[in-house]
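Visitor: Got work37.txt for you, compact mmCIF, C-alpha atoms and all ligand atoms:
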```txt
# COMPACT_ATOMS: atom_id res chain seq x y z
CA MET A 1 165.30 103.70 100.09
CA ALA A 2 163.40 103.28 103.36
CA ARG A 3 165.37 104.14 106.50
CA GLU A 4 164.97 101.94 109.51
CA GLN A 5 164.38 103.22 113.02
CA PHE A 6 167.94 103.69 114.22
CA GLY A 7 167.44 101.93 117.55
CA ILE A 8 166.87 98.56 115.90
CA CYS A 9 170.49 97.97 114.90
CA ALA A 10 172.13 100.28 117.47
CA GLU A 11 174.89 99.12 119.79
CA PRO A 12 173.99 98.35 123.44
CA ASN A 13 173.38 101.20 125.92
CA LEU A 14 173.68 101.49 129.68
CA HIS A 15 169.97 102.00 130.45
CA GLY A 16 166.71 100.86 128.85
CA SER A 17 163.10 101.80 129.38
CA TYR A 18 160.50 99.60 127.72
CA LEU A 19 156.87 100.74 127.63
CA LEU A 20 153.98 98.52 126.52
CA PHE A 21 150.66 100.21 125.85
CA ASN A 22 147.15 99.23 124.90
CA VAL A 23 145.14 101.74 122.88
CA LEU A 24 141.67 102.71 124.05
CA ASP A 25 138.71 102.41 121.67
CA ASP A 26 138.28 105.11 119.02
CA LYS A 27 141.73 106.60 119.57
CA ASN A 28 143.22 105.23 116.40
CA ALA A 29 143.51 108.49 114.43
CA PHE A 30 145.09 110.19 117.42
CA ILE A 31 147.59 107.35 117.86
CA ARG A 32 148.59 107.37 114.19
CA ALA A 33 149.35 111.08 114.43
CA ALA A 34 151.25 110.60 117.70
CA LEU A 35 153.37 107.75 116.33
CA SER A 36 154.28 109.76 113.25
CA ARG A 37 155.78 112.37 115.60
CA LEU A 38 157.83 109.96 117.70
CA PRO A 39 160.97 109.80 115.49
CA ALA A 40 161.25 113.63 115.60
CA LEU A 41 160.78 113.54 119.35
CA PHE A 42 163.60 110.99 119.72
CA ASP A 43 165.84 113.10 117.44
CA ASP A 44 165.10 116.23 119.42
CA TYR A 45 166.09 114.66 122.75
CA ALA A 46 169.07 112.88 121.19
CA ASP A 47 170.30 116.36 120.11
CA ARG A 48 169.62 117.95 123.46
CA TYR A 49 171.51 115.26 125.37
CA SER A 50 173.96 114.30 122.68
CA GLU A 51 176.36 112.52 125.05
CA ALA A 52 173.60 110.12 126.15
CA ASN A 53 173.45 108.18 122.82
CA LEU A 54 169.67 108.11 122.99
CA ILE A 55 167.81 105.84 120.59
CA GLY A 56 164.16 104.85 120.39
CA VAL A 57 162.04 102.29 118.62
CA VAL A 58 158.29 102.17 118.28
CA ALA A 59 156.43 99.07 117.10
CA ILE A 60 152.81 98.07 116.54
CA GLY A 61 151.29 94.92 118.04
CA ALA A 62 150.18 91.99 115.88
CA ALA A 63 146.56 92.13 117.10
CA TYR A 64 146.32 95.92 116.76
CA TRP A 65 147.87 96.26 113.31
CA ASP A 66 144.68 95.93 111.23
CA GLU A 67 142.89 98.58 113.22
CA PHE A 68 145.95 100.81 113.19
CA TYR A 69 146.60 100.53 109.46
CA PRO A 70 143.78 98.72 107.62
CA GLN A 71 145.27 99.48 104.17
CA ALA A 72 148.01 96.84 104.38
CA ARG A 73 149.71 94.46 106.77
CA PRO A 74 153.27 93.10 107.01
CA ASP A 75 152.67 89.70 105.45
CA SER A 76 154.22 87.57 108.21
CA LEU A 77 152.97 89.52 111.21
CA ALA A 78 151.30 87.00 113.55
CA PRO A 79 150.47 86.74 117.25
CA PHE A 80 153.26 85.64 119.56
CA PRO A 81 153.66 81.85 119.22
CA ALA A 82 152.63 80.57 122.65
CA MET A 83 154.33 77.30 123.60
CA HIS A 84 154.17 74.80 126.42
CA SER A 85 155.97 71.54 127.06
CA GLY A 86 156.44 69.95 130.47
CA ASP A 87 157.18 72.79 132.86
CA ARG A 88 158.58 74.99 130.08
CA VAL A 89 156.21 77.76 129.05
CA ALA A 90 156.22 80.67 126.64
CA PRO A 91 153.00 82.62 127.19
CA SER A 92 151.48 84.97 124.62
CA ASP A 93 150.20 88.43 125.51
CA SER A 94 148.78 91.19 123.42
CA TYR A 95 150.00 94.77 123.54
CA ASP A 96 149.13 97.41 120.95
CA ILE A 97 152.21 99.61 121.09
CA TYR A 98 155.81 98.98 122.09
CA VAL A 99 158.22 101.79 122.83
CA GLU A 100 161.89 101.11 123.49
CA ILE A 101 163.97 103.97 124.84
CA ARG A 102 167.67 103.33 125.38
CA SER A 103 170.50 105.65 126.30
CA ASP A 104 173.49 105.93 128.60
CA ARG A 105 171.57 108.07 131.09
CA ALA A 106 168.68 106.79 133.21
CA ASP A 107 167.47 110.38 133.75
CA VAL A 108 167.26 111.02 129.98
CA ASN A 109 165.26 107.81 129.53
CA HIS A 110 162.96 109.01 132.28
CA ILE A 111 162.45 112.39 130.62
CA VAL A 112 161.72 110.85 127.23
CA SER A 113 159.40 108.17 128.70
CA THR A 114 157.46 110.89 130.51
CA LYS A 115 157.19 112.92 127.31
CA ILE A 116 155.85 109.92 125.37
CA CYS A 117 153.24 109.16 128.04
CA GLN A 118 152.17 112.82 127.87
CA LEU A 119 151.97 112.62 124.09
CA PHE A 120 149.77 109.50 124.15
CA ALA A 121 147.81 111.01 127.04
CA GLU A 122 144.37 109.58 127.67
CA SER A 123 144.31 107.48 124.50
CA VAL A 124 146.28 104.56 125.94
CA GLU A 125 146.68 102.41 128.99
CA LEU A 126 150.26 101.68 130.08
CA SER A 127 150.12 97.90 130.54
CA GLU A 128 153.73 97.12 131.40
CA GLN A 129 156.94 99.05 131.97
CA ILE A 130 160.43 97.68 132.44
CA GLN A 131 163.47 99.63 133.56
CA ALA A 132 166.52 97.77 132.36
CA PHE A 133 170.25 98.27 132.76
CA ARG A 134 173.57 97.07 131.49
CA PHE A 135 175.07 94.65 134.01
CA LEU A 136 178.87 94.56 134.35
CA ASP A 137 180.47 93.94 130.95
CA GLY A 138 177.21 93.19 129.14
CA ARG A 139 176.18 90.20 131.22
CA ASP A 140 172.80 88.73 131.97
CA LEU A 141 172.00 88.52 135.72
CA THR A 142 173.00 84.85 135.59
CA GLY A 143 176.54 86.24 135.18
CA PHE A 144 177.13 85.26 131.53
CA VAL A 145 177.95 87.72 128.75
CA ASP A 146 174.84 88.09 126.56
CA GLY A 147 175.01 89.13 122.91
CA THR A 148 178.44 87.79 121.93
CA GLU A 149 177.21 85.88 118.88
CA ASN A 150 174.91 88.68 117.77
CA PRO A 151 175.38 89.77 114.13
CA GLN A 152 177.88 92.61 113.87
CA GLY A 153 178.32 95.75 111.73
CA LEU A 154 176.37 95.96 108.50
CA HIS A 155 175.29 92.35 108.88
CA ARG A 156 172.94 93.52 111.65
CA ARG A 157 170.83 95.26 109.00
CA GLU A 158 170.68 92.14 106.81
CA VAL A 159 169.45 90.08 109.74
CA ALA A 160 167.05 92.58 111.27
CA LEU A 161 165.42 94.46 108.38
CA VAL A 162 162.78 93.56 105.80
CA LYS A 163 164.23 93.92 102.29
CA GLU A 164 162.83 96.16 99.56
CA GLN A 165 162.26 93.23 97.18
CA ASP A 166 160.34 91.24 99.82
CA GLN A 167 157.73 93.81 100.88
CA PRO A 168 158.32 97.31 99.45
CA LEU A 169 155.87 99.10 101.77
CA PHE A 170 157.44 97.50 104.81
CA ALA A 171 161.09 97.62 103.72
CA GLY A 172 163.38 98.77 106.52
CA GLY A 173 160.89 97.48 109.07
CA SER A 174 161.51 94.65 111.50
CA TYR A 175 159.57 91.82 113.10
CA LEU A 176 159.94 92.14 116.85
CA HIS A 177 159.41 89.59 119.63
CA VAL A 178 159.76 90.39 123.31
CA GLN A 179 159.58 88.19 126.40
CA ARG A 180 160.04 89.15 130.00
CA TYR A 181 161.95 86.34 131.68
CA GLU A 182 162.11 86.07 135.44
CA HIS A 183 165.10 84.17 136.84
CA ASN A 184 165.18 81.82 139.80
CA ILE A 185 168.50 83.24 140.93
CA ARG A 186 168.63 81.24 144.14
CA LEU A 187 168.32 77.97 142.22
CA TRP A 188 170.82 79.18 139.62
CA ASN A 189 173.32 80.09 142.33
CA SER A 190 173.03 76.62 143.81
CA LEU A 191 174.80 75.27 140.69
CA ALA A 192 178.55 74.90 140.57
CA GLU A 193 180.21 77.17 138.03
CA HIS A 194 180.93 74.31 135.59
CA GLU A 195 177.25 73.27 135.78
CA GLN A 196 176.21 76.83 134.90
CA GLU A 197 178.67 76.78 132.01
CA ASP A 198 177.15 73.52 130.71
CA VAL A 199 173.74 75.21 130.70
CA TYR A 200 175.02 77.82 128.22
CA GLY A 201 177.78 75.87 126.46
CA ARG A 202 180.17 78.76 127.17
CA THR A 203 182.61 79.55 129.97
CA LYS A 204 181.52 82.13 132.50
CA TYR A 205 184.25 84.66 133.19
CA ASP A 206 186.20 84.60 129.94
CA ASN A 207 183.11 83.85 127.82
CA ILE A 208 184.62 81.19 125.58
CA GLU A 209 182.41 78.92 123.53
CA TYR A 210 182.67 75.19 124.26
CA LYS A 211 184.05 73.04 121.46
CA SER A 212 181.12 71.61 119.53
CA GLU A 213 181.81 68.05 120.70
CA ASN A 214 181.75 69.20 124.35
CA LYS A 215 178.47 71.12 124.12
CA PRO A 216 175.54 69.34 125.77
CA LEU A 217 172.52 69.01 123.46
CA THR A 218 170.59 70.80 126.20
CA ALA A 219 172.91 73.85 126.20
CA HIS A 220 171.21 77.16 125.42
CA THR A 221 173.65 77.98 122.62
CA LYS A 222 173.15 74.51 121.15
CA ARG A 223 169.37 74.82 121.15
CA THR A 224 169.43 78.29 119.59
CA SER A 225 172.12 77.68 116.92
CA LEU A 226 169.92 76.47 114.09
CA LYS A 227 170.33 76.10 110.35
CA ASP A 228 167.77 76.25 107.55
CA GLU A 229 167.23 73.48 104.98
CA ASN A 230 170.09 74.90 102.86
CA GLY A 231 172.53 74.80 105.76
CA ASN A 232 172.51 78.58 106.36
CA SER A 233 172.55 79.78 109.98
CA LEU A 234 169.28 81.21 111.24
CA GLU A 235 169.95 84.55 112.88
CA ILE A 236 168.14 87.15 114.95
CA LEU A 237 169.38 90.46 116.36
CA ARG A 238 169.04 90.40 120.15
CA GLN A 239 168.73 93.69 122.01
CA SER A 240 167.85 92.20 125.41
CA MET A 241 168.69 93.88 128.71
CA PRO A 242 168.65 92.75 132.36
CA TYR A 243 166.08 94.28 134.68
CA GLY A 244 165.26 93.84 138.31
CA ASP A 245 165.34 94.85 141.90
CA MET A 246 165.53 93.02 145.22
CA LYS A 247 162.21 91.26 144.55
CA ARG A 248 162.45 90.04 140.96
CA LYS A 249 165.30 89.68 138.54
CA GLY A 250 165.46 88.71 134.92
CA LEU A 251 166.04 89.49 131.31
CA PHE A 252 163.84 91.56 129.04
CA PHE A 253 164.44 89.57 125.87
CA VAL A 254 164.17 91.51 122.60
CA SER A 255 164.59 89.98 119.13
CA TYR A 256 164.52 91.88 115.80
CA CYS A 257 164.47 90.03 112.50
CA HIS A 258 163.53 90.37 108.83
CA SER A 259 161.12 87.46 109.41
CA PRO A 260 159.36 86.06 112.49
CA LYS A 261 160.43 82.51 111.58
CA PRO A 262 163.96 82.31 113.06
CA PHE A 263 162.78 83.46 116.50
CA GLU A 264 159.87 81.04 116.43
CA LEU A 265 162.09 78.09 115.47
CA MET A 266 164.64 78.95 118.17
CA LEU A 267 161.97 79.25 120.83
CA LYS A 268 160.47 75.94 119.71
CA SER A 269 163.89 74.32 119.94
CA MET A 270 164.29 75.69 123.48
CA VAL A 271 160.82 74.71 124.75
CA HIS A 272 160.06 71.53 122.79
CA GLY A 273 163.65 70.45 122.24
CA ASP A 274 165.10 68.42 119.41
CA GLY A 275 162.45 65.69 119.39
CA GLU A 276 164.82 63.40 121.32
CA GLY A 277 164.25 64.81 124.76
CA HIS A 278 166.83 67.62 124.67
CA SER A 279 165.17 70.89 125.60
CA ASP A 280 166.99 74.03 126.80
CA HIS A 281 168.19 73.60 130.39
CA LEU A 282 168.33 77.39 130.81
CA LEU A 283 164.54 77.16 131.14
CA LYS A 284 164.97 75.29 134.42
CA TYR A 285 166.30 78.51 135.92
CA THR A 286 164.26 81.19 134.20
CA GLN A 287 160.67 81.44 133.05
CA ALA A 288 158.98 83.63 130.47
CA GLU A 289 156.27 85.66 132.21
CA THR A 290 155.14 87.51 129.08
CA GLY A 291 155.55 87.31 125.32
CA ALA A 292 154.40 89.58 122.51
CA ALA A 293 154.88 90.13 118.77
CA PHE A 294 155.12 93.48 116.98
CA PHE A 295 156.23 95.10 113.74
CA ALA A 296 158.58 98.10 113.89
CA PRO A 297 157.97 99.98 110.61
CA SER A 298 160.54 102.16 108.85
CA LEU A 299 160.96 105.89 109.53
CA ASN A 300 159.43 106.59 106.10
CA PHE A 301 156.34 104.60 106.98
CA LEU A 302 155.94 106.41 110.32
CA LYS A 303 156.38 109.81 108.69
CA ALA A 304 153.76 109.01 106.04
CA LEU A 305 151.18 108.32 108.75
CA ALA A 306 150.80 112.07 109.18
CA GLU A 307 149.92 112.64 105.50
C1 LIG B 1 173.07 83.11 123.14
C2 LIG B 1 171.30 84.40 127.46
C3 LIG B 1 166.78 83.70 125.79
C4 LIG B 1 168.58 83.17 121.33
C5 LIG B 1 172.98 83.46 124.47
C6 LIG B 1 174.10 83.62 125.36
C7 LIG B 1 173.61 84.00 126.56
C8 LIG B 1 172.18 84.06 126.44
C9 LIG B 1 174.39 84.33 127.83
C10 LIG B 1 175.57 83.36 125.00
C11 LIG B 1 176.31 84.54 124.44
C12 LIG B 1 175.74 85.12 123.19
O1 LIG B 1 176.04 84.70 122.09
O2 LIG B 1 174.92 86.01 123.33
C13 LIG B 1 169.92 84.28 127.38
C14 LIG B 1 169.02 84.42 128.51
C15 LIG B 1 167.76 84.22 128.03
C16 LIG B 1 167.87 83.95 126.62
C17 LIG B 1 169.47 84.74 129.93
C18 LIG B 1 166.45 84.25 128.75
C19 LIG B 1 166.33 84.48 130.03
C20 LIG B 1 166.87 83.50 124.44
C21 LIG B 1 165.76 83.31 123.55
C22 LIG B 1 166.28 83.16 122.29
C23 LIG B 1 167.71 83.24 122.39
C24 LIG B 1 164.29 83.31 123.99
C25 LIG B 1 165.54 82.94 120.99
C26 LIG B 1 164.33 82.41 120.91
C27 LIG B 1 169.95 83.12 121.45
C28 LIG B 1 170.85 82.96 120.31
C29 LIG B 1 172.15 82.91 120.83
C30 LIG B 1 172.00 83.08 122.28
C31 LIG B 1 170.46 82.88 118.84
C32 LIG B 1 173.46 82.73 120.07
C33 LIG B 1 173.73 81.24 119.93
C34 LIG B 1 175.06 80.98 119.23
O3 LIG B 1 175.11 81.21 118.02
O4 LIG B 1 176.01 80.57 119.90
N1 LIG B 1 171.81 83.72 125.15
N2 LIG B 1 169.18 83.99 126.26
N3 LIG B 1 168.04 83.45 123.70
N4 LIG B 1 170.67 83.20 122.60
FE1 LIG B 1 169.94 83.53 124.44
```
Reformat the file's structure so that it appears as structure tokens.
Guide:
Amino acid sequence: MAREQFGICAEPNLHGSYLLFNVLDDKNAFIRAALSRLPALFDDYADRYSEANLIGVVAIGAAYWDEFYPQARPDSLAPFPAMHSGDRVAPSDSYDIYVEIRSDRADVNHIVSTKICQLFAESVELSEQIQAFRFLDGRDLTGFVDGTENPQGLHRREVALVKEQDQPLFAGGSYLHVQRYEHNIRLWNSLAEHEQEDVYGRTKYDNIEYKSENKPLTAHTKRTSLKDENGNSLEILRQSMPYGDMKRKGLFFVSYCHSPKPFELMLKSMVHGDGEGHSDHLLKYTQAETGAAFFAPSLNFLKALAE
């Protein structure tokens, strides 16, 4: 049975380092060999700094996949679904390789990030890098706990991983969407606490969900709690982390799923709303600056790249 990259379903860490690369022309063979070595590199550093709980994930961009692996393609892998409605935007960017490094030590993340950049060497351009951190008790920088309704335990695997019967070659892999959101913290802070709570449909300090009848249709948790045609909840596994400094602050949003559909439907519900004028009011206070789609293949798939 294919084993997934362990970082996909891992519990949250204290520090995150996200690296987005574009591959230079003619470097494909080199990159395949380098990516096949990444899981061993993560294992090696996880052993060396065992108390740091280091995990890593590598994923391949939707536009780069065919060049990277012309033999076959995850059947639902598609470019990031760009969206726009009123002043709500979700832009689409294209990156070839995504590397997520998370641990409980910022210095270990730094060491591993440096090692990966050395490994890729001259064959890539580093297009974006985000240093992220856990904020208080797992809160977003808006002050609300993020991740509460995430799938738990073994259910994380069911939500995040492609099943053997669906696509055998890509079993244990995961469709990944990332967006870098930048918050307008000053505007957010101008709201009274109960107004902020209405934006999420949850209380702030004790993180309690509003009763369904009290949740505004524009609340973030209302807009993202969706069901399919059979009444089953649509789920994604979020591994987002806050990032920022004194100039910009936001959330690096990360979604893993066995299919790209749930993320796309949730984003559509946030940006375009419910068709009756109820879009996600969180988007008044934060804006997606980037967006990209990837596939994170299984460990078996990565290992086989070297053969
Ligand atoms: C719930 C923050 C973007 C999907 C939440 C919660 C917070 C939050 C605080 C409530 C606690 C929890 O269950 O985690 C944010 C922030 C975002 C953002 C700050 C951007 C800046 C997104 C996006 C999606 C999404 C882009 C998907 C397209 C969800 C889902 C839930 C959730 C599925 C759980 C809803 C429920 O079942 O109650 N988010 N989120 N979020 N968010 Fe977001």
Visitor: Please report, as a Markdown table, each residue of stretch 125-184 of chain A lying at most 7 Å from stretch 285-293 of chain A, together with the nearest pair of atoms and the separation in Å rounded to one decimal; use all atoms listed in the file, and order rows by chain and ascending residue number.
Guide:
```
| residue | atom | partner | partner_atom | distance |
| --- | --- | --- | --- | --- |
| A:Leu176 | CA | A:Ala293 | CA | 5.8 |
| A:His177 | CA | A:Ala293 | CA | 4.6 |
| A:Val178 | CA | A:Ala292 | CA | 5.5 |
| A:Gln179 | CA | A:Gly291 | CA | 4.3 |
| A:Arg180 | CA | A:Thr290 | CA | 5.2 |
| A:Tyr181 | CA | A:Ala288 | CA | 4.2 |
| A:Glu182 | CA | A:Gln287 | CA | 5.4 |
| A:His183 | CA | A:Thr286 | CA | 4.1 |
| A:Asn184 | CA | A:Tyr285 | CA | 5.2 |
```
Visitor: Need to verify the contact set: stretch 41-49 of chain A, 12 Å, only C-alpha atoms, exclusion of same-chain residues closer than 2 positions in sequence. Can you return it as a PyMOL selection string?
Guide: chain A and resi 5-7+34-39+51-58+99-116+119+299
Visitor: Taking all atoms of ligand LIG 1 (chain B) that the file lists and extending 5 Å past them on each side, where is the centre of the axis-aligned box and how long are its edges? Answer in Å to one decimal, as AutoDock Vina command-line options.
Guide:
```
--center_x 170.3 --center_y 83.3 --center_z 124.0 --size_x 22.0 --size_y 15.4 --size_z 22.0
```
Visitor: So which residues fall inside 9 Å of (150.1, 82.1, 122.8) if we count all atoms listed in the file? Mind giving them as a list of chain:residue names?
Guide: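 Collected hits near the coordinates: A:Pro79, A:Phe80, A:Pro81, A:Ala82, A:Met83, A:Ala90, A:Pro91, A:Ser92, A:Asp93, A:Gly291, A:Ala292.
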Visitor: Using all atoms listed in the file, which residue out of A:Ala78, A:Ala296, A:Ala121, A:Met1 lies closest to A:Lys27?
Guide: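 Once distances to A:Lys27 are computed over all atoms listed in the file, the minimum belongs to A:Ala121.
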Visitor: Around the point (149.1, 102.8, 133.1) in the file's coordinates, collect all residues with an atom within 12 Å, using all atoms listed in the file, and return them as a ChimeraX atom specification.
Guide: /A:19-24,114,117-118,120-129
Visitor: Would you save the residues from that selection as a PDB file, keeping the file's coordinate frame, using C-alpha atoms?
Guide:
```pdb
ATOM      1  CA  LEU A  19     156.870 100.740 127.630  1.00  0.00           C
ATOM      2  CA  LEU A  20     153.980  98.520 126.520  1.00  0.00           C
ATOM      3  CA  PHE A  21     150.660 100.210 125.850  1.00  0.00           C
ATOM      4  CA  ASN A  22     147.150  99.230 124.900  1.00  0.00           C
ATOM      5  CA  VAL A  23     145.140 101.740 122.880  1.00  0.00           C
ATOM      6  CA  LEU A  24     141.670 102.710 124.050  1.00  0.00           C
ATOM      7  CA  THR A 114     157.460 110.890 130.510  1.00  0.00           C
ATOM      8  CA  CYS A 117     153.240 109.160 128.040  1.00  0.00           C
ATOM      9  CA  GLN A 118     152.170 112.820 127.870  1.00  0.00           C
ATOM     10  CA  PHE A 120     149.770 109.500 124.150  1.00  0.00           C
ATOM     11  CA  ALA A 121     147.810 111.010 127.040  1.00  0.00           C
ATOM     12  CA  GLU A 122     144.370 109.580 127.670  1.00  0.00           C
ATOM     13  CA  SER A 123     144.310 107.480 124.500  1.00  0.00           C
ATOM     14  CA  VAL A 124     146.280 104.560 125.940  1.00  0.00           C
ATOM     15  CA  GLU A 125     146.680 102.410 128.990  1.00  0.00           C
ATOM     16  CA  LEU A 126     150.260 101.680 130.080  1.00  0.00           C
ATOM     17  CA  SER A 127     150.120  97.900 130.540  1.00  0.00           C
ATOM     18  CA  GLU A 128     153.730  97.120 131.400  1.00  0.00           C
ATOM     19  CA  GLN A 129     156.940  99.050 131.970  1.00  0.00           C
TER      20      GLN A 129
END
```
Visitor: Closest to ligand LIG 1 (chain B) among A:Ile236, A:Ala72, A:Val271, A:Ala306, using all atoms listed in the file?
Guide: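 Going through A:Ile236, A:Ala72, A:Val271, A:Ala306 one by one, the smallest distance to ligand LIG 1 (chain B) is for A:Ile236.
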Visitor: Considering all atoms listed in the file, can you say which of A:Asp245, A:Asp206, A:Asp87, A:Glu164 comes closest to ligand LIG 1 (chain B)?
Guide: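 Of A:Asp245, A:Asp206, A:Asp87, A:Glu164, the one nearest ligand LIG 1 (chain B) is A:Asp206, counting all atoms listed in the file.
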Visitor: From the list A:Gly143, A:Pro297, A:Pro260, A:Gly275, which residue is nearest A:Glu4 when using only C-alpha atoms?
Guide: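 Smallest separation from A:Glu4 among the options: A:Pro297.
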Visitor: Which residue, A:His258, A:Lys268, A:His155, A:His15, has the smallest gap to A:Phe295 when you use only C-alpha atoms?
Guide: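 Nearest to A:Phe295: A:His258.
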Visitor: Between atom CA of A:Leu283 and atom CA of A:Glu235, what is the spacing in Å?
Guide: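 Atom-to-atom, atom CA of A:Glu235 and atom CA of A:Leu283 are spaced 20.4 Å apart.
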Visitor: Mind giving me the straight-line distance from atom FE1 of ligand LIG 1 (chain B) to atom CA of A:Asn232 in Å, one decimal?
Guide: 18.9 Å
Visitor: How far is it from atom CA of A:Tyr18 to atom CA of A:Arg202, in Å with one decimal?
Guide: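 Spanning atom CA of A:Tyr18 to atom CA of A:Arg202 is a straight-line distance of 28.7 Å.
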Visitor: Of the candidates A:Asp280, A:Ala40, A:Leu217, A:Pro262, which one gets nearest to A:Leu302 if we count only C-alpha atoms?
Guide: A:Ala40
Visitor: Write stretch 142-164 of chain A as a CSV table (one decimal), in the frame of the given file, completed to N, CA and C atoms.
Guide:
```
chain,number,residue,atom,x,y,z
A,142,THR,N,172.4,86.2,135.3
A,142,THR,CA,173.0,84.8,135.6
A,142,THR,C,174.5,84.9,135.6
A,143,GLY,N,175.1,86.0,135.1
A,143,GLY,CA,176.5,86.2,135.2
A,143,GLY,C,177.3,85.9,133.9
A,144,PHE,N,176.5,85.6,132.8
A,144,PHE,CA,177.1,85.3,131.5
A,144,PHE,C,177.0,86.4,130.5
A,145,VAL,N,178.0,86.6,129.8
A,145,VAL,CA,178.0,87.7,128.8
A,145,VAL,C,176.9,87.4,127.7
A,146,ASP,N,176.0,88.3,127.5
A,146,ASP,CA,174.8,88.1,126.6
A,146,ASP,C,175.0,89.0,125.3
A,147,GLY,N,174.9,88.4,124.2
A,147,GLY,CA,175.0,89.1,122.9
A,147,GLY,C,176.3,88.9,122.1
A,148,THR,N,177.2,88.0,122.6
A,148,THR,CA,178.4,87.8,121.9
A,148,THR,C,178.3,87.4,120.5
A,149,GLU,N,177.4,86.4,120.2
A,149,GLU,CA,177.2,85.9,118.9
A,149,GLU,C,176.2,86.7,118.1
A,150,ASN,N,175.8,87.8,118.5
A,150,ASN,CA,174.9,88.7,117.8
A,150,ASN,C,175.6,89.1,116.5
A,151,PRO,N,174.8,89.3,115.4
A,151,PRO,CA,175.4,89.8,114.1
A,151,PRO,C,176.0,91.1,114.4
A,152,GLN,N,177.1,91.4,113.6
A,152,GLN,CA,177.9,92.6,113.9
A,152,GLN,C,177.9,93.5,112.6
A,153,GLY,N,178.1,94.8,112.8
A,153,GLY,CA,178.3,95.8,111.7
A,153,GLY,C,177.1,95.8,110.8
A,154,LEU,N,177.4,95.8,109.5
A,154,LEU,CA,176.4,96.0,108.5
A,154,LEU,C,175.5,94.7,108.4
A,155,HIS,N,176.1,93.6,108.9
A,155,HIS,CA,175.3,92.4,108.9
A,155,HIS,C,174.1,92.5,109.8
A,156,ARG,N,174.1,93.3,110.8
A,156,ARG,CA,172.9,93.5,111.6
A,156,ARG,C,171.7,93.9,110.8
A,157,ARG,N,171.9,94.8,109.8
A,157,ARG,CA,170.8,95.3,109.0
A,157,ARG,C,170.3,94.1,108.2
A,158,GLU,N,171.2,93.3,107.6
A,158,GLU,CA,170.7,92.1,106.8
A,158,GLU,C,169.8,91.2,107.6
A,159,VAL,N,170.2,91.0,108.9
A,159,VAL,CA,169.4,90.1,109.7
A,159,VAL,C,168.1,90.7,110.2
A,160,ALA,N,168.2,92.0,110.6
A,160,ALA,CA,167.0,92.6,111.3
A,160,ALA,C,166.0,93.2,110.4
A,161,LEU,N,166.3,93.6,109.1
A,161,LEU,CA,165.4,94.5,108.4
A,161,LEU,C,164.8,93.8,107.2
A,162,VAL,N,163.5,94.1,107.0
A,162,VAL,CA,162.8,93.6,105.8
A,162,VAL,C,163.4,94.2,104.5
A,163,LYS,N,163.6,93.4,103.5
A,163,LYS,CA,164.2,93.9,102.3
A,163,LYS,C,163.2,94.5,101.3
A,164,GLU,N,163.7,95.5,100.5
A,164,GLU,CA,162.8,96.2,99.6
A,164,GLU,C,162.1,95.2,98.7
```
